[in-house]
Amino acid sequence: MKYAFAFLLIALFAVISITQAMPNPEEATAQDDGKTTLEIEVDSATLAKLQEAMGGRAFDWKKWLGIAVNIGGAILG
């Protein structure tokens with residue numbers, strides 16, 4: 001019986017913590033109508049500036065930018 005009050009406080013804290021962590025009903029329903037698009041325009045001048053900013057190191061920006069766009073599309077899509 002001497003630990004009953006401490007146990008009650010710990011249980012109350014756990015219940016409050018869990019209820020605060022649960023999403024609200026309006027946040028739980030995502031509004032995804034399937035029309036989300038992602039469009040990125042990068043021209044060769046921008047790629048040249050990026051390459052120059054990296055110190056002129058040869059780096060396949062088109063390959064990595066394509067990978068990043070695919071990952072972004074998978075996350076958003």
# chains A, B, ... in the order shown; residues from 1 in each chain; ligands from 1

call {"tool": "residues_around", "arguments": {"residues": "A:Lys62", "least_positions_apart": "3", "cutoff": "10 Å", "atoms": "only C-alpha atoms", "output": "PyMOL selection string"}}
result
chain A and resi 42+44+47+59+65-68

call {"tool": "write_last_selection", "arguments": {"atoms": "N, CA and C atoms", "output": "PDB file, in the first residue's frame"}}
result
ATOM      1  N   VAL A  42      15.407  22.134 -63.939  1.00  0.00           N
ATOM      2  CA  VAL A  42      16.833  22.428 -63.800  1.00  0.00           C
ATOM      3  C   VAL A  42      17.423  22.459 -65.186  1.00  0.00           C
ATOM      4  N   SER A  44      20.779  23.454 -67.863  1.00  0.00           N
ATOM      5  CA  SER A  44      22.212  23.164 -67.884  1.00  0.00           C
ATOM      6  C   SER A  44      23.029  24.268 -67.232  1.00  0.00           C
ATOM      7  N   LEU A  47      23.002  23.574 -63.550  1.00  0.00           N
ATOM      8  CA  LEU A  47      23.893  22.457 -63.281  1.00  0.00           C
ATOM      9  C   LEU A  47      25.353  22.888 -63.339  1.00  0.00           C
ATOM     10  N   PHE A  59      31.042  15.552 -61.123  1.00  0.00           N
ATOM     11  CA  PHE A  59      30.000  14.855 -60.377  1.00  0.00           C
ATOM     12  C   PHE A  59      28.797  14.721 -61.284  1.00  0.00           C
ATOM     13  N   LEU A  65      20.282  13.870 -59.208  1.00  0.00           N
ATOM     14  CA  LEU A  65      19.060  14.660 -59.190  1.00  0.00           C
ATOM     15  C   LEU A  65      17.870  13.795 -59.596  1.00  0.00           C
ATOM     16  N   GLY A  66      18.080  12.907 -60.547  1.00  0.00           N
ATOM     17  CA  GLY A  66      17.022  11.985 -60.934  1.00  0.00           C
ATOM     18  C   GLY A  66      16.648  11.040 -59.809  1.00  0.00           C
ATOM     19  N   ILE A  67      17.655  10.564 -59.072  1.00  0.00           N
ATOM     20  CA  ILE A  67      17.385   9.702 -57.921  1.00  0.00           C
ATOM     21  C   ILE A  67      16.613  10.468 -56.863  1.00  0.00           C
ATOM     22  N   ALA A  68      17.025  11.727 -56.603  1.00  0.00           N
ATOM     23  CA  ALA A  68      16.330  12.541 -55.592  1.00  0.00           C
ATOM     24  C   ALA A  68      14.894  12.813 -55.999  1.00  0.00           C
TER      25      ALA A  68
END

call {"tool": "atom_distance", "arguments": {"atom1": "atom CA of A:Val69", "atom2": "atom CA of A:Glu41"}}
result
10.9 Å

call {"tool": "atom_distance", "arguments": {"atom1": "atom CA of A:Ile75", "atom2": "atom CA of A:Lys63"}}
result
18.6 Å

call {"tool": "atom_distance", "arguments": {"atom1": "atom CA of A:Ala45", "atom2": "atom CA of A:Gly72"}}
result
22.9 Å
